[in-house]
$ cat data.txt   # compact mmCIF, C-alpha atoms
# COMPACT_ATOMS: atom_id res chain seq x y z
CA MET A 15 -70.00 104.42 115.47
CA THR A 16 -72.92 105.63 113.42
CA THR A 17 -73.29 106.61 109.81
CA ALA A 18 -75.80 108.72 107.95
CA PRO A 19 -78.57 106.99 105.98
CA ARG A 20 -77.23 105.81 102.64
CA THR A 21 -78.22 107.61 99.46
CA ASP A 22 -77.22 106.70 95.93
CA ARG A 23 -74.78 109.05 94.24
CA ILE A 24 -77.38 109.81 91.54
CA ALA A 25 -81.03 108.83 91.64
CA GLY A 26 -81.93 106.03 89.28
CA TRP A 27 -79.04 103.65 89.96
CA THR A 28 -81.17 100.57 89.33
CA GLY A 29 -81.09 97.56 87.06
CA THR A 30 -83.03 97.63 83.79
CA LEU A 31 -82.17 94.21 82.32
CA ASP A 32 -82.29 90.65 83.60
CA VAL A 33 -79.91 87.84 82.70
CA GLU A 34 -81.78 86.86 79.53
CA GLY A 35 -81.97 90.48 78.40
CA ALA A 36 -78.22 90.92 78.83
CA ALA A 37 -77.57 87.62 77.03
CA ARG A 38 -79.59 88.86 74.05
CA VAL A 39 -77.46 92.00 73.94
CA LEU A 40 -74.28 89.91 73.82
CA ARG A 41 -75.65 87.64 71.11
CA ALA A 42 -76.64 90.63 68.94
CA ALA A 43 -73.19 92.23 69.02
CA ARG A 44 -71.01 92.11 65.92
CA SER A 45 -68.11 93.89 67.61
CA ALA A 46 -67.54 94.73 71.25
CA VAL A 47 -65.12 96.36 73.65
CA VAL A 48 -65.25 95.28 77.31
CA VAL A 49 -63.94 97.82 79.83
CA THR A 50 -63.68 97.94 83.60
CA HIS A 51 -62.33 100.22 86.27
CA ALA A 52 -58.75 101.43 86.29
CA LYS A 53 -56.33 99.31 88.31
CA PRO A 54 -58.21 96.07 87.59
CA ASP A 55 -58.49 93.53 90.39
CA GLY A 56 -59.35 89.85 90.08
CA ASP A 57 -63.08 90.43 89.71
CA ALA A 58 -62.69 93.23 87.16
CA ALA A 59 -60.14 91.38 85.05
CA GLY A 60 -61.84 88.00 85.38
CA SER A 61 -65.30 89.30 84.50
CA ALA A 62 -63.98 91.31 81.56
CA LEU A 63 -62.07 88.34 80.15
CA ALA A 64 -65.02 85.97 80.57
CA LEU A 65 -67.29 88.38 78.69
CA THR A 66 -64.72 88.92 75.94
CA ARG A 67 -64.19 85.19 75.47
CA THR A 68 -67.96 84.62 75.41
CA ILE A 69 -68.53 87.23 72.71
CA VAL A 70 -65.68 85.78 70.64
CA ALA A 71 -67.20 82.30 71.07
CA LEU A 72 -70.45 83.71 69.67
CA GLY A 73 -68.60 84.64 66.48
CA ALA A 74 -68.14 88.38 67.00
CA ASP A 75 -65.05 90.54 67.37
CA ALA A 76 -64.34 91.49 70.99
CA THR A 77 -61.47 93.04 72.90
CA ALA A 78 -60.93 93.67 76.60
CA TRP A 79 -59.41 97.05 77.48
CA PHE A 80 -57.52 97.54 80.72
CA LEU A 81 -56.33 100.82 82.18
CA GLY A 82 -53.44 100.68 84.65
CA PRO A 83 -51.75 100.39 86.94
CA PHE A 84 -51.81 96.68 86.17
CA PRO A 85 -51.35 93.74 88.55
CA GLY A 86 -48.32 91.60 87.80
CA TRP A 87 -50.48 88.56 87.05
CA LEU A 88 -52.68 90.22 84.42
CA LYS A 89 -50.67 89.11 81.38
CA ALA A 90 -50.80 85.47 82.48
CA ILE A 91 -54.56 85.63 83.05
CA VAL A 92 -55.19 87.35 79.70
CA GLY A 93 -53.24 84.74 77.73
CA ASP A 94 -54.14 84.92 74.04
CA THR A 95 -57.47 86.70 74.60
CA PRO A 96 -57.77 89.88 72.50
CA ALA A 97 -56.87 92.61 74.98
CA ARG A 98 -55.25 96.04 75.16
CA THR A 99 -53.45 97.56 78.10
CA LEU A 100 -53.89 101.26 77.45
CA GLY A 101 -51.49 104.02 78.31
CA ALA A 102 -52.40 106.47 81.05
CA PRO A 103 -54.00 108.56 79.75
CA PRO A 104 -54.84 107.09 76.34
CA GLY A 105 -54.83 110.10 74.02
CA PRO A 106 -56.55 110.72 70.68
CA SER A 107 -53.50 109.30 68.89
CA ASP A 108 -53.93 105.91 70.57
CA PRO A 109 -55.28 103.59 67.84
CA ALA A 110 -57.74 102.12 70.33
CA MET A 111 -59.56 105.42 70.64
CA ALA A 112 -60.66 105.22 67.00
CA ASP A 113 -62.56 101.99 67.59
CA GLN A 114 -66.31 102.15 66.98
CA PRO A 115 -67.75 98.89 68.36
CA ASP A 116 -71.49 98.40 68.31
CA LEU A 117 -71.39 97.24 71.95
CA ILE A 118 -69.40 98.50 74.94
CA VAL A 119 -69.69 96.42 78.11
CA VAL A 120 -68.76 98.23 81.33
CA VAL A 121 -68.25 95.63 84.04
CA ASP A 122 -67.53 95.80 87.79
CA THR A 123 -68.17 99.52 87.94
CA GLY A 124 -70.85 102.04 87.10
CA SER A 125 -68.84 105.09 88.08
CA TRP A 126 -67.51 107.69 85.68
CA GLN A 127 -64.74 108.40 88.16
CA GLN A 128 -63.56 104.77 88.17
CA LEU A 129 -63.37 104.68 84.39
CA GLY A 130 -60.60 107.25 84.63
CA ASP A 131 -59.23 108.30 81.25
CA LEU A 132 -61.73 106.14 79.38
CA ARG A 133 -64.69 108.15 80.59
CA GLU A 134 -64.97 110.52 77.62
CA TRP A 135 -64.59 107.71 75.10
CA VAL A 136 -67.40 105.80 76.82
CA ARG A 137 -69.54 108.93 77.29
CA GLU A 138 -69.52 109.64 73.54
CA ARG A 139 -70.89 106.14 72.94
CA SER A 140 -73.27 105.75 75.90
CA ASN A 141 -76.10 104.54 73.64
CA ARG A 142 -74.04 101.39 72.99
CA VAL A 143 -73.23 100.60 76.62
CA LEU A 144 -74.27 97.62 78.71
CA VAL A 145 -73.39 97.96 82.42
CA ILE A 146 -72.92 94.88 84.64
CA ASP A 147 -72.19 95.84 88.23
CA HIS A 148 -72.72 94.98 91.89
CA HIS A 149 -71.76 98.23 93.65
CA ARG A 150 -74.15 100.41 95.63
CA GLN A 151 -73.29 103.70 93.96
CA GLY A 152 -73.14 104.45 90.28
CA ASP A 153 -73.89 106.96 87.55
CA PRO A 154 -76.96 105.91 85.53
CA ASP A 155 -76.03 108.07 82.55
CA ILE A 156 -73.17 105.70 81.71
CA GLY A 157 -75.80 103.58 79.98
CA SER A 158 -79.51 102.82 80.12
CA ARG A 159 -79.00 99.05 79.84
CA ARG A 160 -77.90 97.86 83.26
CA VAL A 161 -77.68 94.53 85.07
CA LEU A 162 -77.33 95.53 88.69
CA ARG A 163 -77.41 93.45 91.87
CA THR A 164 -75.92 95.10 94.92
CA ASP A 165 -76.28 91.90 96.97
CA ALA A 166 -73.97 89.98 94.63
CA ALA A 167 -70.58 89.09 96.08
CA ALA A 168 -68.78 89.87 92.83
CA ALA A 169 -69.48 91.07 89.31
CA ALA A 170 -68.51 87.55 88.27
CA GLU A 171 -71.59 86.26 90.10
CA LEU A 172 -73.68 88.24 87.59
CA VAL A 173 -71.49 87.59 84.56
CA ALA A 174 -71.47 83.79 84.93
CA PRO A 175 -75.21 83.25 84.27
CA ILE A 176 -75.16 85.88 81.50
CA CYS A 177 -72.35 84.05 79.69
CA THR A 178 -74.15 80.74 80.27
CA ALA A 179 -77.40 82.05 78.79
CA ALA A 180 -75.66 83.79 75.88
CA LEU A 181 -73.96 80.53 74.89
CA GLY A 182 -77.21 78.57 75.26
CA LEU A 183 -75.80 76.29 77.95
CA PRO A 184 -77.99 74.62 80.61
CA THR A 185 -75.82 75.42 83.66
CA VAL A 186 -72.72 77.35 84.72
CA SER A 187 -70.93 74.02 85.15
CA LYS A 188 -71.07 73.54 81.37
CA LEU A 189 -69.14 76.72 80.56
CA PRO A 190 -65.88 76.26 78.64
CA THR A 191 -62.94 76.16 81.02
CA ALA A 192 -61.46 79.30 79.43
CA ILE A 193 -64.56 81.22 80.52
CA ALA A 194 -65.11 79.49 83.86
CA GLU A 195 -61.57 80.07 85.11
CA PRO A 196 -61.54 83.90 85.09
CA LEU A 197 -65.02 83.87 86.62
CA TYR A 198 -63.75 81.70 89.46
CA LEU A 199 -60.91 84.21 89.95
CA GLY A 200 -63.45 87.03 90.22
CA MET A 201 -65.56 85.15 92.76
CA ALA A 202 -62.54 84.09 94.81
CA THR A 203 -60.80 87.46 94.99
CA ASP A 204 -63.91 89.51 95.83
CA THR A 205 -64.74 87.12 98.67
CA GLY A 206 -61.20 86.99 100.06
CA TRP A 207 -60.89 83.42 98.76
CA PHE A 208 -64.28 82.65 100.31
CA ARG A 209 -63.56 84.11 103.76
CA PHE A 210 -65.56 87.38 103.77
CA SER A 211 -69.10 87.98 104.94
CA ASN A 212 -70.37 88.25 101.35
CA VAL A 213 -70.01 84.47 100.97
CA THR A 214 -73.46 82.91 100.58
CA PRO A 215 -74.68 79.41 99.74
CA ALA A 216 -75.27 80.65 96.18
CA VAL A 217 -71.66 81.86 95.93
CA LEU A 218 -70.29 78.48 97.04
CA ARG A 219 -72.60 76.60 94.68
CA MET A 220 -71.49 78.77 91.78
CA ALA A 221 -67.84 78.32 92.74
CA ALA A 222 -68.40 74.56 92.74
CA ASP A 223 -69.97 74.79 89.27
CA LEU A 224 -66.97 76.75 87.99
CA LEU A 225 -64.61 74.16 89.44
CA GLU A 226 -66.65 71.45 87.73
CA ALA A 227 -66.24 73.42 84.49
CA GLY A 228 -62.47 73.11 84.87
CA ALA A 229 -61.27 76.15 86.83
CA ASP A 230 -57.86 75.40 88.38
CA ALA A 231 -58.17 76.92 91.87
CA PRO A 232 -54.63 76.13 93.14
CA ARG A 233 -53.06 77.61 90.00
CA LEU A 234 -55.11 80.80 90.29
CA LEU A 235 -54.23 81.18 93.96
CA GLU A 236 -50.51 80.80 93.29
CA LEU A 237 -50.62 83.04 90.23
CA THR A 238 -52.36 85.96 91.94
CA GLU A 239 -51.56 85.67 95.64
CA GLN A 240 -48.14 84.03 95.84
CA GLN A 241 -46.04 86.05 93.42
CA GLU A 242 -45.19 89.07 95.56
CA ALA A 243 -41.95 91.04 95.40
CA PRO A 244 -39.90 91.60 98.60
CA SER A 245 -40.83 95.29 98.41
CA ARG A 246 -44.44 94.40 99.25
CA LEU A 247 -43.32 92.78 102.51
CA ARG A 248 -41.26 95.87 103.33
CA LEU A 249 -44.32 98.02 102.65
CA MET A 250 -46.43 95.75 104.86
CA ALA A 251 -43.93 96.07 107.70
CA ARG A 252 -43.82 99.85 107.31
CA SER A 253 -47.62 100.11 107.33
CA LEU A 254 -48.01 97.88 110.41
CA ALA A 255 -45.42 99.98 112.23
CA SER A 256 -47.77 102.96 111.77
CA LEU A 257 -50.70 101.21 113.47
CA GLU A 258 -53.04 103.48 115.43
CA LEU A 259 -56.12 102.47 117.41
CA HIS A 260 -58.96 104.94 117.89
CA HIS A 261 -62.37 105.03 119.54
CA ASP A 262 -61.58 102.49 122.26
CA GLY A 263 -59.86 100.17 119.82
CA ARG A 264 -62.82 99.91 117.46
CA VAL A 265 -61.02 101.68 114.61
CA ALA A 266 -57.58 100.54 113.43
CA LEU A 267 -55.67 102.76 111.03
CA VAL A 268 -52.39 102.31 109.17
CA SER A 269 -50.80 104.61 106.64
CA LEU A 270 -48.06 104.90 104.06
CA SER A 271 -46.55 108.18 102.94
CA LYS A 272 -44.85 108.90 99.63
CA LYS A 273 -41.59 108.75 101.59
CA ASP A 274 -42.46 105.22 102.77
CA LEU A 275 -43.08 104.12 99.19
CA HIS A 276 -39.79 105.62 98.05
CA GLU A 277 -37.69 104.18 100.87
CA THR A 278 -39.08 100.65 100.55
CA GLY A 279 -39.06 100.63 96.77
CA GLY A 280 -42.73 99.69 96.89
CA GLN A 281 -45.62 100.68 94.67
CA GLU A 282 -49.14 101.86 95.51
CA ASP A 283 -50.66 98.80 93.85
CA GLN A 284 -48.83 96.52 96.32
CA THR A 285 -50.98 97.56 99.29
CA SER A 286 -53.96 95.38 98.47
CA GLY A 287 -55.06 93.40 101.52
CA PHE A 288 -53.31 95.54 104.10
CA ALA A 289 -56.60 96.82 105.55
CA GLU A 290 -58.01 93.31 105.96
CA MET A 291 -55.10 92.35 108.23
CA LEU A 292 -56.20 94.89 110.82
CA ASN A 293 -59.50 93.11 111.36
CA GLN A 294 -57.55 90.31 113.02
CA VAL A 295 -57.52 92.48 116.18
CA ALA A 296 -60.41 91.39 118.38
CA THR A 297 -61.68 94.87 119.30
CA VAL A 298 -61.51 96.31 115.79
CA ARG A 299 -64.75 96.87 113.90
CA VAL A 300 -63.41 99.13 111.12
CA ALA A 301 -59.98 98.91 109.46
CA VAL A 302 -58.55 101.84 107.50
CA MET A 303 -55.58 101.95 105.13
CA LEU A 304 -54.34 105.37 103.95
CA THR A 305 -51.84 105.72 101.11
CA GLU A 306 -50.43 109.10 100.14
CA SER A 307 -50.28 109.50 96.39
CA SER A 308 -49.99 112.00 93.57
CA THR A 309 -51.49 111.96 90.11
CA GLY A 310 -48.55 113.72 88.54
CA VAL A 311 -45.85 116.35 88.95
CA THR A 312 -48.27 119.26 88.88
CA SER A 313 -51.22 117.46 90.46
CA PRO A 314 -52.36 117.94 94.03
CA VAL A 315 -51.44 115.40 96.64
CA LEU A 316 -54.05 112.71 97.08
CA THR A 317 -54.65 110.22 99.86
CA LYS A 318 -56.22 106.93 98.89
CA VAL A 319 -58.50 105.41 101.52
CA SER A 320 -59.38 101.74 101.80
CA MET A 321 -61.86 100.63 104.48
CA ARG A 322 -62.97 97.22 105.69
CA SER A 323 -65.50 96.45 108.40
CA LYS A 324 -66.63 93.38 110.30
CA PRO A 325 -70.22 92.14 110.12
CA GLY A 326 -72.40 91.63 113.15
CA PRO A 327 -74.39 93.79 115.58
CA GLY A 328 -73.61 97.48 115.15
CA ALA A 329 -71.64 96.84 111.96
CA VAL A 330 -70.46 99.98 110.18
CA ASP A 331 -71.43 100.39 106.53
CA VAL A 332 -68.15 101.75 105.18
CA SER A 333 -69.72 102.60 101.82
CA GLU A 334 -71.71 105.26 103.67
CA VAL A 335 -68.55 106.68 105.21
CA THR A 336 -66.59 106.78 101.97
CA ALA A 337 -69.58 108.24 100.10
CA ARG A 338 -69.13 111.42 102.17
CA PHE A 339 -65.77 111.83 100.46
CA GLY A 340 -66.99 111.03 96.94
CA GLY A 341 -66.13 107.33 97.14
CA GLY A 342 -68.17 104.20 97.58
CA GLY A 343 -68.18 100.44 97.29
CA HIS A 344 -69.79 97.85 99.52
CA ALA A 345 -71.02 97.76 103.10
CA ARG A 346 -67.97 95.78 104.26
CA ALA A 347 -65.39 97.09 101.75
CA ALA A 348 -65.17 100.56 100.24
CA GLY A 349 -62.73 103.27 99.26
CA ALA A 350 -62.26 106.90 98.33
CA ARG A 351 -59.66 109.42 97.19
CA LEU A 352 -59.23 112.54 99.27
CA ALA A 353 -57.64 115.61 97.74
CA MET A 354 -55.61 116.33 100.86
CA PRO A 355 -52.28 115.35 102.42
CA LEU A 356 -51.97 112.24 104.52
CA ALA A 357 -52.14 113.94 107.95
CA GLU A 358 -55.24 115.92 107.01
CA ALA A 359 -56.92 112.88 105.50
CA LYS A 360 -56.24 110.92 108.67
CA ARG A 361 -57.98 113.55 110.80
CA ALA A 362 -60.96 113.65 108.43
CA ILE A 363 -61.42 109.87 108.41
CA ILE A 364 -61.11 109.54 112.19
CA ALA A 365 -63.70 112.31 112.59
CA ALA A 366 -66.06 110.60 110.14
CA LEU A 367 -65.85 107.40 112.20
CA THR A 368 -66.46 109.15 115.52
CA PRO A 369 -69.28 107.43 117.44
$ encode --input "data.txt" --output "structure tokens"
Amino acid sequence: MTTAPRTDRIAGWTGTLDVEGAARVLRAARSAVVVTHAKPDGDAAGSALALTRTIVALGADATAWFLGPFPGWLKAIVGDTPARTLGAPPGPSDPAMADQPDLIVVVDTGSWQQLGDLREWVRERSNRVLVIDHHRQGDPDIGSRRVLRTDAAAAAELVAPICTAALGLPTVSKLPTAIAEPLYLGMATDTGWFRFSNVTPAVLRMAADLLEAGADAPRLLELTEQQEAPSRLRLMARSLASLELHHDGRVALVSLSKKDLHETGGQEDQTSGFAEMLNQVATVRVAVMLTESSTGVTSPVLTKVSMRSKPGPGAVDVSEVTARFGGGGHARAAGARLAMPLAEAKRAIIAALTP
């Protein structure tokens, strides 16, 4: 399987600030809103909460904004941190939309598309934005102040030293537990609980520092990974029953239709991790999960694509594949949304992965 040479979505997707520069921005803020991509995962939520708690610790007003759908564990992770879970879409009448903070931190994304219904609110205030991200594709016009490292395993890997520097602490291990714990969650979830190929010595050292700072790893694992509803298991069974192998077993593909979701009582946000399971097959190099969706009664049918690939000789950069469909992500994990029905999307993805 081959892929075209990678190009950034828009030229100029580069970092403009280092850790100390970002820390100065946090320290200068009097009020801040921290936002991340819609449907926050562990890294998005953890990084956003760590930044919010850091800014509050510096004596400023700060609030984390989350746009759904929301994971079931989010409320427990947020605790008493100032946070808003916004309606979809948040309209002009939403009190949050009237906020005029002097700093907006966009973390774990640099994509207008991923900001969903917050994009116009952020766009109108782009001169106040600080972006902290680790993805390969992004839109530079979100903000000119950017901390960007595409080799980082998680946004939390960037946020941890920024919070440490902003608070004037000597090492990550000295962070308050309330800040260290969501950062550990971000590191753990974006590395598959330290199983994926993005695990490096630096990642493990930082994880150890966060544990030393008081992060409760067993509690976080139980809270986020061991609280599933029976409907998720029914969805998992339905998806595995759809298993297809293509290209001499190198591509594994599973899918869920809207009918599957209805009949199992499952939700789209319960499919996280399904693609990773397919990489357990010895011959498989690329795993694909397709989920048929719809953005509303009058909206066109969409198919959400999640791809995972194995490292090693001849490894497929799935961010290159998904970029052809307007998506992106990382070399080993990426996604896209295709404005086409499930069957058509399946044909398009299989063709894109043709050797």
$ closest_residue --input "data.txt" --among "A:Leu367, A:Leu199, A:Pro54, A:Val265" --to "A:Glu236" --atoms "only C-alpha atoms"
A:Leu199
$ closest_residue --input "data.txt" --among "A:Leu40, A:Ala166, A:Ala192, A:Leu218" --to "A:His149" --atoms "all atoms listed in the file"
A:Ala166
$ atom_distance --input "data.txt" --atom1 "atom CA of A:Gly326" --atom2 "atom CA of A:Glu290"
16.2 Å
$ closest_residue --input "data.txt" --among "A:Gly287, A:Pro115, A:Pro190, A:Gly340" --to "A:Glu239" --atoms "all atoms listed in the file"
A:Gly287
$ atom_distance --input "data.txt" --atom1 "atom CA of A:Arg299" --atom2 "atom CA of A:Pro325"
8.2 Å
$ closest_residue --input "data.txt" --among "A:Glu306, A:Gly279, A:Asp57, A:Leu132" --to "A:Ala243" --atoms "all atoms listed in the file"
A:Gly279
